[in-house]
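Novice: Below is entry37.pdb; it holds PDB, C-alpha atoms and all ligand atoms.
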```pdb
ATOM      1  CA  MET A 669     -50.355  46.540 -55.559
ATOM      2  CA  VAL A 670     -50.849  44.615 -58.839
ATOM      3  CA  ARG A 671     -53.938  42.938 -57.410
ATOM      4  CA  ARG A 672     -55.396  46.324 -56.451
ATOM      5  CA  ILE A 673     -54.875  47.731 -59.954
ATOM      6  CA  VAL A 674     -56.363  44.683 -61.669
ATOM      7  CA  HIS A 675     -59.391  44.557 -59.385
ATOM      8  CA  ALA A 676     -59.989  48.281 -59.796
ATOM      9  CA  ARG A 677     -60.352  47.662 -63.524
ATOM     10  CA  VAL A 678     -62.122  44.316 -63.828
ATOM     11  CA  GLY A 679     -63.876  44.074 -60.461
ATOM     12  CA  SER A 680     -64.591  40.485 -59.523
ATOM     13  CA  HIS A 681     -64.335  39.218 -63.091
ATOM     14  CA  PRO A 682     -63.552  35.470 -62.976
ATOM     15  CA  ALA A 683     -60.297  36.118 -64.864
ATOM     16  CA  ALA A 684     -59.057  38.691 -62.319
ATOM     17  CA  GLU A 685     -56.681  36.351 -60.515
ATOM     18  CA  ASP A 686     -55.313  35.046 -63.840
ATOM     19  CA  LEU A 687     -54.604  38.608 -64.892
ATOM     20  CA  VAL A 688     -52.785  39.257 -61.618
ATOM     21  CA  GLN A 689     -50.683  36.140 -62.122
ATOM     22  CA  GLU A 690     -49.957  36.986 -65.736
ATOM     23  CA  THR A 691     -48.835  40.462 -64.739
ATOM     24  CA  LEU A 692     -46.541  39.128 -62.016
ATOM     25  CA  THR A 693     -45.076  36.555 -64.406
ATOM     26  CA  ARG A 694     -44.291  39.238 -66.972
ATOM     27  CA  VAL A 695     -42.789  41.541 -64.356
ATOM     28  CA  LEU A 696     -40.598  38.730 -63.048
ATOM     29  CA  ALA A 697     -39.493  37.762 -66.545
ATOM     30  CA  ALA A 698     -38.502  41.344 -67.337
ATOM     31  CA  SER A 699     -37.010  42.186 -63.955
ATOM     32  CA  PRO A 700     -33.365  41.394 -64.809
ATOM     33  CA  THR A 701     -33.405  44.194 -67.377
ATOM     34  CA  ILE A 702     -35.305  46.736 -65.301
ATOM     35  CA  GLU A 703     -33.732  49.134 -62.874
ATOM     36  CA  PRO A 704     -34.889  48.472 -59.305
ATOM     37  CA  GLY A 705     -36.277  52.020 -59.052
ATOM     38  CA  MET A 706     -38.365  51.488 -62.189
ATOM     39  CA  LEU A 707     -39.899  48.179 -61.121
ATOM     40  CA  GLU A 708     -43.021  49.669 -59.531
ATOM     41  CA  PRO A 709     -44.040  51.839 -62.475
ATOM     42  CA  TYR A 710     -43.251  48.906 -64.768
ATOM     43  CA  ALA A 711     -45.577  46.637 -62.773
ATOM     44  CA  ILE A 712     -48.356  49.227 -62.923
ATOM     45  CA  VAL A 713     -47.975  49.742 -66.659
ATOM     46  CA  THR A 714     -47.899  45.977 -67.238
ATOM     47  CA  ALA A 715     -51.023  45.413 -65.149
ATOM     48  CA  ARG A 716     -52.922  48.030 -67.159
ATOM     49  CA  ASN A 717     -51.748  46.510 -70.445
ATOM     50  CA  VAL A 718     -52.634  42.961 -69.437
ATOM     51  CA  VAL A 719     -56.144  44.077 -68.523
ATOM     52  CA  ALA A 720     -56.506  46.119 -71.718
ATOM     53  CA  SER A 721     -55.387  43.194 -73.867
ATOM     54  CA  MET A 722     -57.984  40.936 -72.247
ATOM     55  CA  TRP A 723     -60.759  43.333 -73.303
ATOM     56  CA  ARG A 724     -59.245  43.505 -76.772
ATOM     57  CA  ASP A 725     -59.239  39.699 -77.019
ATOM     58  CA  VAL A 726     -62.867  39.506 -75.939
ATOM     59  CA  ASP A 727     -63.712  42.122 -78.535
ATOM     60  CA  ARG A 728     -61.770  40.359 -81.283
ATOM     61  CA  LYS A 729     -63.454  37.037 -80.540
ATOM     62  CA  HIS A 730     -66.799  38.790 -80.976
ATOM     63  CA  ARG A 731     -65.821  40.284 -84.279
ATOM     64  CA  ASN A 732     -64.283  37.096 -85.578
ATOM     65  CA  GLN A 733     -67.115  34.783 -84.624
ATOM     66  CA  HIS A 734     -68.369  34.669 -88.198
ATOM     67  CA  ARG A 735     -65.019  33.240 -89.266
ATOM     68  CA  VAL A 736     -65.692  30.063 -87.336
ATOM     69  CA  VAL A 737     -68.563  29.515 -89.741
ATOM     70  CA  ASP A 738     -66.846  30.770 -92.865
ATOM     71  CA  LEU A 739     -63.270  29.521 -92.774
ATOM     72  CA  SER A 740     -62.509  30.794 -96.254
ATOM     73  CA  THR A 741     -62.520  34.428 -95.110
ATOM     74  CA  PRO A 742     -59.098  35.846 -95.910
ATOM     75  CA  ASP A 743     -56.935  37.670 -93.394
ATOM     76  CA  PRO A 744     -58.815  40.609 -91.978
ATOM     77  CA  PRO A 745     -58.129  43.918 -93.712
ATOM     78  CA  GLU A 746     -56.944  45.388 -90.391
ATOM     79  CA  THR A 747     -53.590  43.626 -90.882
ATOM     80  CA  GLN A 748     -52.819  45.903 -93.835
ATOM     81  CA  VAL A 749     -54.236  48.900 -91.995
ATOM     82  CA  LEU A 750     -51.870  48.232 -89.102
ATOM     83  CA  LEU A 751     -48.854  48.082 -91.415
ATOM     84  CA  ASP A 752     -49.864  51.351 -93.101
ATOM     85  CA  GLU A 753     -50.339  53.021 -89.728
ATOM     86  CA  GLU A 754     -46.906  51.879 -88.625
ATOM     87  CA  GLN A 755     -45.312  53.296 -91.749
ATOM     88  CA  SER A 756     -46.991  56.634 -91.415
ATOM     89  CA  ALA A 757     -45.999  56.824 -87.706
ATOM     90  CA  MET A 758     -42.393  56.164 -88.728
ATOM     91  CA  ALA A 759     -42.575  58.898 -91.365
ATOM     92  CA  THR A 760     -43.941  61.331 -88.770
ATOM     93  CA  ALA A 761     -41.224  60.344 -86.294
ATOM     94  CA  LEU A 762     -38.461  60.801 -88.868
ATOM     95  CA  ALA A 763     -39.848  64.224 -89.739
ATOM     96  CA  ARG A 764     -39.478  65.257 -86.087
ATOM     97  CA  LEU A 765     -35.713  64.679 -86.115
ATOM     98  CA  THR A 766     -33.418  67.485 -87.139
ATOM     99  CA  GLU A 767     -32.136  67.484 -90.710
ATOM    100  CA  ARG A 768     -28.669  66.476 -89.508
ATOM    101  CA  GLU A 769     -29.923  63.675 -87.231
ATOM    102  CA  ARG A 770     -32.056  62.254 -90.007
ATOM    103  CA  ARG A 771     -29.306  62.381 -92.622
ATOM    104  CA  THR A 772     -26.718  60.715 -90.374
ATOM    105  CA  LEU A 773     -29.144  58.023 -89.238
ATOM    106  CA  LEU A 774     -30.366  57.183 -92.737
ATOM    107  CA  ASP A 775     -26.847  57.182 -94.188
ATOM    108  CA  HIS A 776     -25.781  54.771 -91.485
ATOM    109  CA  GLU A 777     -28.849  52.504 -91.343
ATOM    110  CA  VAL A 778     -29.973  52.521 -94.963
ATOM    111  CA  LYS A 779     -26.832  53.179 -97.014
ATOM    112  CA  GLY A 780     -24.546  51.424 -94.554
ATOM    113  CA  THR A 781     -22.038  54.299 -94.299
ATOM    114  CA  ASP A 782     -19.735  53.493 -91.362
ATOM    115  CA  THR A 783     -19.229  55.805 -88.390
ATOM    116  CA  ARG A 784     -15.654  56.651 -89.410
ATOM    117  CA  THR A 785     -16.732  57.953 -92.825
ATOM    118  CA  LEU A 786     -19.584  59.875 -91.221
ATOM    119  CA  ALA A 787     -17.172  61.350 -88.677
ATOM    120  CA  ALA A 788     -14.811  62.544 -91.413
ATOM    121  CA  ARG A 789     -17.725  64.234 -93.170
ATOM    122  CA  GLU A 790     -18.993  65.901 -89.977
ATOM    123  CA  GLY A 791     -15.549  66.897 -88.764
ATOM    124  CA  SER A 792     -16.122  64.733 -85.693
ATOM    125  CA  THR A 793     -14.867  61.461 -84.213
ATOM    126  CA  ALA A 794     -16.260  57.966 -84.778
ATOM    127  CA  GLY A 795     -17.063  57.711 -81.063
ATOM    128  CA  ALA A 796     -19.001  60.971 -81.066
ATOM    129  CA  VAL A 797     -20.928  59.900 -84.167
ATOM    130  CA  ALA A 798     -21.801  56.552 -82.563
ATOM    131  CA  ALA A 799     -23.037  58.345 -79.439
ATOM    132  CA  GLN A 800     -25.068  60.741 -81.563
ATOM    133  CA  LEU A 801     -26.578  57.803 -83.497
ATOM    134  CA  ASN A 802     -27.648  56.216 -80.213
ATOM    135  CA  ARG A 803     -29.316  59.437 -79.108
ATOM    136  CA  THR A 804     -31.049  59.751 -82.468
ATOM    137  CA  ARG A 805     -32.331  56.164 -82.304
ATOM    138  CA  ALA A 806     -33.608  56.818 -78.782
ATOM    139  CA  ARG A 807     -35.409  59.936 -79.975
ATOM    140  CA  LEU A 808     -36.825  58.136 -82.994
ATOM    141  CA  ARG A 809     -38.293  55.432 -80.731
ATOM    142  CA  VAL A 810     -39.979  58.062 -78.570
ATOM    143  CA  GLU A 811     -41.368  59.983 -81.539
ATOM    144  CA  PHE A 812     -42.514  56.773 -83.209
ATOM    145  CA  LEU A 813     -44.434  55.669 -80.108
ATOM    146  CA  LEU A 814     -46.017  59.119 -79.741
ATOM    147  CA  ALA A 815     -46.986  59.240 -83.424
ATOM    148  CA  ALA A 816     -48.332  55.667 -83.461
ATOM    149  CA  ALA A 817     -50.438  56.335 -80.367
ATOM    150  CA  GLN A 818     -51.398  59.760 -81.753
ATOM    151  CA  ILE A 819     -50.524  61.387 -78.456
ATOM    152  CA  GLU A 820     -49.235  64.876 -77.891
ATOM    153  CA  PRO A 821     -47.523  64.716 -74.474
ATOM    154  CA  PRO A 822     -49.477  66.697 -71.851
ATOM    155  CA  THR A 823     -46.494  68.120 -69.950
ATOM    156  CA  GLU A 824     -43.124  69.709 -70.726
ATOM    157  CA  GLN A 825     -41.490  66.912 -68.772
ATOM    158  CA  CYS A 826     -42.904  64.031 -70.835
ATOM    159  CA  ARG A 827     -40.429  63.953 -73.718
ATOM    160  CA  ALA A 828     -37.462  64.264 -71.342
ATOM    161  CA  VAL A 829     -38.717  61.290 -69.314
ATOM    162  CA  LEU A 830     -39.475  59.150 -72.374
ATOM    163  CA  MET A 831     -36.103  60.064 -73.865
ATOM    164  CA  ALA A 832     -34.281  59.060 -70.650
ATOM    165  CA  LEU A 833     -36.093  55.702 -70.697
ATOM    166  CA  SER A 834     -35.504  55.183 -74.405
ATOM    167  CA  SER A 835     -31.770  55.783 -74.133
ATOM    168  CA  GLY A 836     -31.542  53.573 -71.030
ATOM    169  CA  ASP A 837     -29.608  56.365 -69.289
ATOM    170  CA  GLN A 838     -30.068  55.653 -65.577
ATOM    171  CA  ARG A 839     -28.471  58.867 -64.358
ATOM    172  CA  ARG A 840     -30.745  60.893 -66.602
ATOM    173  CA  GLN A 841     -33.757  58.850 -65.433
ATOM    174  CA  ARG A 842     -32.981  59.862 -61.854
ATOM    175  CA  GLU A 843     -32.455  63.503 -62.850
ATOM    176  CA  VAL A 844     -35.840  63.788 -64.528
ATOM    177  CA  GLN A 845     -37.510  61.650 -61.823
ATOM    178  CA  ALA A 846     -38.798  59.186 -64.397
ATOM    179  CA  ALA A 847     -40.292  56.733 -61.883
ATOM    180  CA  GLN A 848     -42.368  59.468 -60.249
ATOM    181  CA  HIS A 849     -43.504  60.826 -63.605
ATOM    182  CA  LEU A 850     -44.752  57.430 -64.801
ATOM    183  CA  LEU A 851     -46.867  57.107 -61.684
ATOM    184  CA  GLU A 852     -48.484  60.485 -62.332
ATOM    185  CA  CYS A 853     -48.685  60.738 -66.116
ATOM    186  CA  GLN A 854     -51.120  58.336 -67.726
ATOM    187  CA  PRO A 855     -50.027  58.853 -71.362
ATOM    188  CA  CYS A 856     -46.346  58.313 -70.536
ATOM    189  CA  ALA A 857     -47.152  55.268 -68.415
ATOM    190  CA  GLY A 858     -49.033  53.835 -71.384
ATOM    191  CA  LEU A 859     -46.129  54.399 -73.763
ATOM    192  CA  SER A 860     -43.309  53.431 -71.457
ATOM    193  CA  GLN A 861     -43.526  49.650 -71.439
ATOM    194  CA  PRO A 862     -41.647  48.961 -74.678
ATOM    195  CA  LEU A 863     -39.038  51.514 -73.599
ATOM    196  CA  LEU A 864     -38.594  50.010 -70.127
ATOM    197  CA  GLU A 865     -38.133  46.547 -71.593
ATOM    198  CA  ARG A 866     -35.243  47.664 -73.744
ATOM    199  CA  GLY A 867     -32.714  47.717 -70.910
ATOM    200  CA  GLN A 868     -29.643  45.507 -71.139
ATOM    201  CA  PRO A 869     -29.534  42.592 -68.699
ATOM    202  CA  ARG A 870     -27.900  43.912 -65.563
ATOM    203  CA  ASP A 871     -24.402  42.550 -65.489
ATOM    204  CA  ASP A 872     -23.232  44.651 -62.558
ATOM    205  CA  ARG A 873     -24.678  42.328 -59.933
ATOM    206  CA  LEU A 874     -24.162  38.667 -59.094
ATOM    207  CA  THR A 875     -25.893  36.391 -56.617
ATOM    208  CA  ILE A 876     -24.017  33.279 -55.572
ATOM    209  CA  PRO A 877     -25.738  30.613 -53.445
ATOM    210  CA  VAL A 878     -23.400  29.366 -50.736
ATOM    211  CA  THR A 879     -23.821  25.930 -49.169
ATOM    212  CA  ALA A 880     -20.415  24.225 -49.345
ATOM    213  CA  ASP A 881     -16.691  24.897 -49.651
ATOM    214  CA  PRO A 882     -16.570  24.959 -53.494
ATOM    215  CA  ASP A 883     -19.063  27.845 -53.406
ATOM    216  CA  ILE A 884     -16.483  29.866 -51.495
ATOM    217  CA  VAL A 885     -14.109  29.589 -54.440
ATOM    218  CA  THR A 886     -16.874  30.509 -56.893
ATOM    219  CA  ALA A 887     -17.952  33.551 -54.873
ATOM    220  CA  ARG A 888     -14.383  34.676 -54.415
ATOM    221  CA  GLY A 889     -13.629  34.469 -58.140
ATOM    222  CA  ALA A 890     -16.894  36.149 -59.125
ATOM    223  CA  ALA A 891     -16.336  39.068 -56.753
ATOM    224  CA  ARG A 892     -12.791  39.493 -57.998
ATOM    225  CA  GLU A 893     -13.938  39.424 -61.623
ATOM    226  CA  LEU A 894     -16.636  42.057 -61.025
ATOM    227  CA  ALA A 895     -14.294  44.238 -58.966
ATOM    228  CA  SER A 896     -11.639  44.125 -61.686
ATOM    229  CA  ARG A 897     -13.976  46.081 -63.958
ATOM    230  CA  LEU A 898     -13.403  49.085 -61.707
ATOM    231  CA  ALA A 899     -10.036  50.731 -61.188
ATOM    232  CA  PHE A 900      -9.088  48.641 -58.146
ATOM    233  CA  GLY A 901      -5.399  47.924 -57.753
ATOM    234  CA  PRO A 902      -4.118  44.363 -57.167
ATOM    235  CA  THR A 903      -3.998  44.841 -53.384
ATOM    236  CA  ASP A 904      -7.625  45.894 -53.197
ATOM    237  CA  LEU A 905      -8.672  43.029 -55.490
ATOM    238  CA  THR A 906      -7.025  40.590 -53.095
ATOM    239  CA  VAL A 907      -8.631  42.296 -50.106
ATOM    240  CA  ILE A 908     -12.076  42.031 -51.723
ATOM    241  CA  ALA A 909     -11.600  38.370 -52.643
ATOM    242  CA  THR A 910     -10.353  37.590 -49.138
ATOM    243  CA  ALA A 911     -13.262  39.363 -47.481
ATOM    244  CA  VAL A 912     -15.705  37.406 -49.649
ATOM    245  CA  SER A 913     -13.983  34.111 -48.728
ATOM    246  CA  GLU A 914     -14.239  34.973 -45.083
ATOM    247  CA  VAL A 915     -17.958  35.760 -45.017
ATOM    248  CA  CYS A 916     -18.683  32.705 -47.195
ATOM    249  CA  ARG A 917     -16.704  30.486 -44.836
ATOM    250  CA  ASN A 918     -18.827  31.810 -41.992
ATOM    251  CA  ILE A 919     -21.979  30.849 -43.865
ATOM    252  CA  VAL A 920     -20.765  27.318 -44.629
ATOM    253  CA  ARG A 921     -19.566  26.732 -41.091
ATOM    254  CA  PHE A 922     -22.219  28.321 -38.958
ATOM    255  CA  ALA A 923     -25.362  28.590 -41.057
ATOM    256  CA  GLY A 924     -24.986  25.811 -43.630
ATOM    257  CA  THR A 925     -26.746  27.753 -46.336
ATOM    258  CA  GLY A 926     -26.956  31.324 -47.527
ATOM    259  CA  GLU A 927     -26.030  33.587 -50.395
ATOM    260  CA  VAL A 928     -23.626  36.316 -51.346
ATOM    261  CA  VAL A 929     -24.693  39.233 -53.516
ATOM    262  CA  VAL A 930     -21.930  41.211 -55.174
ATOM    263  CA  ASN A 931     -22.979  44.549 -56.541
ATOM    264  CA  LEU A 932     -21.056  47.262 -58.398
ATOM    265  CA  LEU A 933     -22.067  50.709 -57.154
ATOM    266  CA  GLU A 934     -22.203  53.956 -59.143
ATOM    267  CA  VAL A 935     -23.624  56.187 -56.412
ATOM    268  CA  PRO A 936     -22.559  57.893 -54.208
ATOM    269  CA  ARG A 937     -19.339  56.835 -55.942
ATOM    270  CA  ARG A 938     -17.897  53.814 -57.691
ATOM    271  CA  GLY A 939     -17.255  50.818 -55.523
ATOM    272  CA  ILE A 940     -18.181  47.228 -54.803
ATOM    273  CA  GLN A 941     -20.708  46.137 -52.229
ATOM    274  CA  ILE A 942     -20.891  42.621 -50.856
ATOM    275  CA  VAL A 943     -23.914  41.395 -48.955
ATOM    276  CA  ALA A 944     -23.693  37.960 -47.300
ATOM    277  CA  ARG A 945     -26.963  36.581 -45.972
ATOM    278  CA  ASP A 946     -27.771  33.402 -44.145
ATOM    279  CA  GLY A 947     -30.722  31.942 -42.318
ATOM    280  CA  GLY A 948     -28.557  30.384 -39.638
ATOM    281  CA  PRO A 949     -28.620  30.547 -35.837
ATOM    282  CA  GLY A 950     -27.372  34.134 -35.684
ATOM    283  CA  ILE A 951     -24.476  35.563 -33.706
ATOM    284  CA  PRO A 952     -25.254  35.800 -29.974
ATOM    285  CA  ASP A 953     -22.840  38.639 -29.301
ATOM    286  CA  VAL A 954     -21.988  40.736 -32.357
ATOM    287  CA  GLU A 955     -19.787  43.097 -30.330
ATOM    288  CA  ARG A 956     -17.685  40.217 -29.157
ATOM    289  CA  ALA A 957     -17.521  38.646 -32.622
ATOM    290  CA  LEU A 958     -16.015  41.904 -33.876
ATOM    291  CA  ASP A 959     -13.564  42.145 -31.011
ATOM    292  CA  ASP A 960     -10.034  41.905 -32.344
ATOM    293  CA  GLY A 961      -9.018  39.268 -29.821
ATOM    294  CA  PHE A 962     -11.853  37.033 -30.964
ATOM    295  CA  SER A 963     -11.396  34.674 -33.879
ATOM    296  CA  THR A 964     -14.156  32.389 -35.034
ATOM    297  CA  TYR A 965     -11.738  29.710 -36.215
ATOM    298  CA  GLY A 966      -9.387  29.601 -33.302
ATOM    299  CA  GLY A 967      -6.723  31.736 -34.930
ATOM    300  CA  LEU A 968      -7.209  30.625 -38.554
ATOM    301  CA  GLY A 969      -8.248  33.168 -41.132
ATOM    302  CA  LEU A 970      -8.916  36.838 -40.737
ATOM    303  CA  GLY A 971     -12.111  36.550 -38.798
ATOM    304  CA  LEU A 972     -14.743  39.236 -38.989
ATOM    305  CA  PRO A 973     -12.574  41.811 -37.192
ATOM    306  CA  GLY A 974      -9.929  41.452 -39.903
ATOM    307  CA  VAL A 975     -12.511  41.815 -42.646
ATOM    308  CA  ARG A 976     -13.925  44.901 -40.989
ATOM    309  CA  ARG A 977     -10.478  46.478 -40.893
ATOM    310  CA  LEU A 978      -9.825  45.797 -44.580
ATOM    311  CA  MET A 979     -13.109  47.054 -45.993
ATOM    312  CA  ASP A 980     -14.205  50.703 -46.108
ATOM    313  CA  GLU A 981     -17.680  50.059 -44.758
ATOM    314  CA  PHE A 982     -18.833  47.132 -42.691
ATOM    315  CA  ALA A 983     -22.069  46.317 -40.882
ATOM    316  CA  ILE A 984     -23.569  43.202 -39.314
ATOM    317  CA  ALA A 985     -27.212  42.619 -38.581
ATOM    318  CA  SER A 986     -27.883  39.410 -36.709
ATOM    319  CA  GLU A 987     -30.968  38.008 -35.083
ATOM    320  CA  LEU A 988     -30.790  34.899 -32.937
ATOM    321  CA  GLY A 989     -32.580  31.996 -34.591
ATOM    322  CA  HIS A 990     -33.157  33.985 -37.786
ATOM    323  CA  GLY A 991     -29.807  34.604 -39.392
ATOM    324  CA  THR A 992     -27.102  37.096 -40.109
ATOM    325  CA  THR A 993     -26.477  39.674 -42.813
ATOM    326  CA  VAL A 994     -23.049  41.161 -43.346
ATOM    327  CA  THR A 995     -22.874  44.202 -45.627
ATOM    328  CA  MET A 996     -19.506  45.579 -46.657
ATOM    329  CA  THR A 997     -18.223  48.009 -49.233
ATOM    330  CA  LYS A 998     -14.906  48.892 -50.787
ATOM    331  CA  TRP A 999     -14.734  52.200 -52.640
ATOM    332  CA  GLU A1000     -12.777  52.418 -55.839
ATOM    333  CA  LYS A1001      -9.342  53.924 -55.565
ATOM    334  CA  ALA A1002      -6.095  53.028 -57.233
ATOM    335  CA  ASP A1003      -3.330  51.534 -55.076
ATOM    336  CA  HIS A1004      -1.098  54.572 -55.444
ATOM    337  CA  GLU A1005      -3.690  56.908 -53.905
TER
HETATM  338 ZN    ZN A1101     -45.819  62.425 -69.318
END
```
Give the structure from this file in structure tokens form.

Specialist:
Amino acid sequence: MVRRIVHARVGSHPAAEDLVQETLTRVLAASPTIEPGMLEPYAIVTARNVVASMWRDVDRKHRNQHRVVDLSTPDPPETQVLLDEEQSAMATALARLTERERRTLLDHEVKGTDTRTLAAREGSTAGAVAAQLNRTRARLRVEFLLAAAQIEPPTEQCRAVLMALSSGDQRRQREVQAAQHLLECQPCAGLSQPLLERGQPRDDRLTIPVTADPDIVTARGAARELASRLAFGPTDLTVIATAVSEVCRNIVRFAGTGEVVVNLLEVPRRGIQIVARDGGPGIPDVERALDDGFSTYGGLGLGLPGVRRLMDEFAIASELGHGTTVTMTKWEKADHE
């Protein structure tokens, strides 16, 4: 996809492959902070920007050629122009906030008034003020980018999409179909890159390589730690840790090498998903392996049937000679439920 976009813009320019590689490198570097659903639009936006910056560089080299001859030329006047433009874009953006948003933000950021004092003044709570400040900052970023690019968004939807990206609100991004919009709306795609890059590193997912017994302990502890961020009771935490041990033990024993991915889920509801993958010989008879009378370790451990019973969802995909993937999920519920 990236290659297609780059070639559509630069044809068979000798730098085309470099631009493709640069785009992929940037996408990879940013990927831990980007929602999986937003990765494709991000790649497209990045590809366009990488190509555009190459043309800019070529242009700048042209304009600056005289400086190679005359090294005493001071910094180009455009540096100051850029700073002025930035300031005037910020002024425009601030003017687009409501009076109340602007006052609260400036009191907090410039005068250093803390959220508790602001809350007392507004007849609100510190938490609500902090949330409002975050929304205001998100809006200011959007308005700043629009003002700096001198763009008036072409559709009603644009500001809602940019705002959802700017606030990093994934639920809202899904609601306004942000990914789809970026693919269809050129101006928003152009503006979205700095907003997409603002995401926090995803800390709701862990990948643990599994090749030997100590990795079982690591995976077990990591899954338990992640799961404990949800409202799982102690019994469920033990069940999750045990299930992870079991699938890891299978990897070490039968495949030699593989990985376990532990993932906290928000949709369709809160829960923990564990995916264990290996590139081993595969299970010849999955039905039989899940049969209660069948234990892989001659009676030791739970075996896959035990794991299946303990988890809420459980699926095995296995292909002989290619490997096995076990996917299992436990939905959040307190022990007393
Ligand atoms: Zn748009």

Novice: Counting only C-alpha atoms and all ligand atoms, what are the residues, protein, DNA or RNA alike, that approach ligand ZN 1101 (chain A) to within 9 Å? I want them as a ChimeraX atom specification.

Specialist: /A:821-830,849-850,852-857

Novice: To one decimal place in Å, what is the distance between CA of Gly939 (chain A) and CA of Glu703 (chain A)?

Specialist: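 So the two atoms, CA of Gly939 (chain A) and CA of Glu703 (chain A), lie 18.1 Å apart.
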
Novice: Applying 7 Å and all atoms listed in the file, which residues near Ser913 (chain A) remain after dropping the ones on its own chain fewer than 3 positions away? List them as a count of residues only.

Specialist: 6

Novice: Nearest to Trp999 (chain A): which of A:Gly858, A:Gly705, A:Pro936, A:Gly971 is it, counting only C-alpha atoms?

Specialist: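 Among A:Gly858, A:Gly705, A:Pro936, A:Gly971, it is A:Pro936 that comes nearest to Trp999 (chain A).
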
Novice: Taking the file as shown, find all residues satisfying the PyMOL selection byres (((chain A and resi 833) around 12) and not hetatm) and write them as an NGL selection string.

Specialist: :A and (702-703 or 706 or 710 or 803 or 806-807 or 809-810 or 826-832 or 834-847 or 849-850 or 856-857 or 859-867)

Novice: Report as a PDB file with C-alpha atoms, keeping the file's coordinate frame all protein, DNA and RNA residues lying within 9 Å of Glu708 (chain A), evaluated on only C-alpha atoms, omitting residues in the same chain fewer than 3 positions from it.

Specialist:
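Now in around.pdb:
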```pdb
ATOM      1  CA  MET A 669     -50.355  46.540 -55.559  1.00  0.00           C
ATOM      2  CA  PRO A 704     -34.889  48.472 -59.305  1.00  0.00           C
ATOM      3  CA  GLY A 705     -36.277  52.020 -59.052  1.00  0.00           C
ATOM      4  CA  ALA A 711     -45.577  46.637 -62.773  1.00  0.00           C
ATOM      5  CA  ILE A 712     -48.356  49.227 -62.923  1.00  0.00           C
ATOM      6  CA  VAL A 713     -47.975  49.742 -66.659  1.00  0.00           C
ATOM      7  CA  ALA A 847     -40.292  56.733 -61.883  1.00  0.00           C
ATOM      8  CA  LEU A 851     -46.867  57.107 -61.684  1.00  0.00           C
TER       9      LEU A 851
END
```

Novice: Restricting the calculation to only C-alpha atoms, which member of A:Ser792, A:Asn717, A:Thr879, A:Thr992 is positioned closest to Arg677 (chain A)?

Specialist: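 Ranked by minimum distance to Arg677 (chain A), first place goes to A:Asn717.
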
Novice: Just so the selection is clear, what residues does the PyMOL selection byres (((chain A and resi 908) around 8) and not hetatm) cover here, as a list in words?

Specialist: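 For this structure, the PyMOL selection byres (((chain A and resi 908) around 8) and not hetatm) resolves to Ala891, Arg892, Ala895, Asp904, Leu905, Thr906, Val907, Ala909, Thr910, Ala911, Val912, Met979 and Lys998 of chain A.
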
Novice: Can I get a file of region 803-816 of chain A from the given structure, C-alpha atoms kept, as a JSON list (two decimals), in the first residue's frame?

Specialist:
```json
[["chain", "number", "residue", "atom", "x", "y", "z"],
["A", 803, "ARG", "CA", -10.70, 18.79, 26.38],
["A", 804, "THR", "CA", -9.69, 22.42, 25.97],
["A", 805, "ARG", "CA", -6.08, 21.48, 25.18],
["A", 806, "ALA", "CA", -7.33, 18.95, 22.64],
["A", 807, "ARG", "CA", -9.51, 21.61, 21.02],
["A", 808, "LEU", "CA", -6.69, 24.14, 21.04],
["A", 809, "ARG", "CA", -4.42, 21.67, 19.20],
["A", 810, "VAL", "CA", -7.06, 21.14, 16.53],
["A", 811, "GLU", "CA", -7.74, 24.85, 16.09],
["A", 812, "PHE", "CA", -4.03, 25.63, 16.05],
["A", 813, "LEU", "CA", -3.37, 23.09, 13.28],
["A", 814, "LEU", "CA", -6.32, 24.40, 11.25],
["A", 815, "ALA", "CA", -5.23, 28.02, 11.69],
["A", 816, "ALA", "CA", -1.56, 27.28, 10.92]]
```
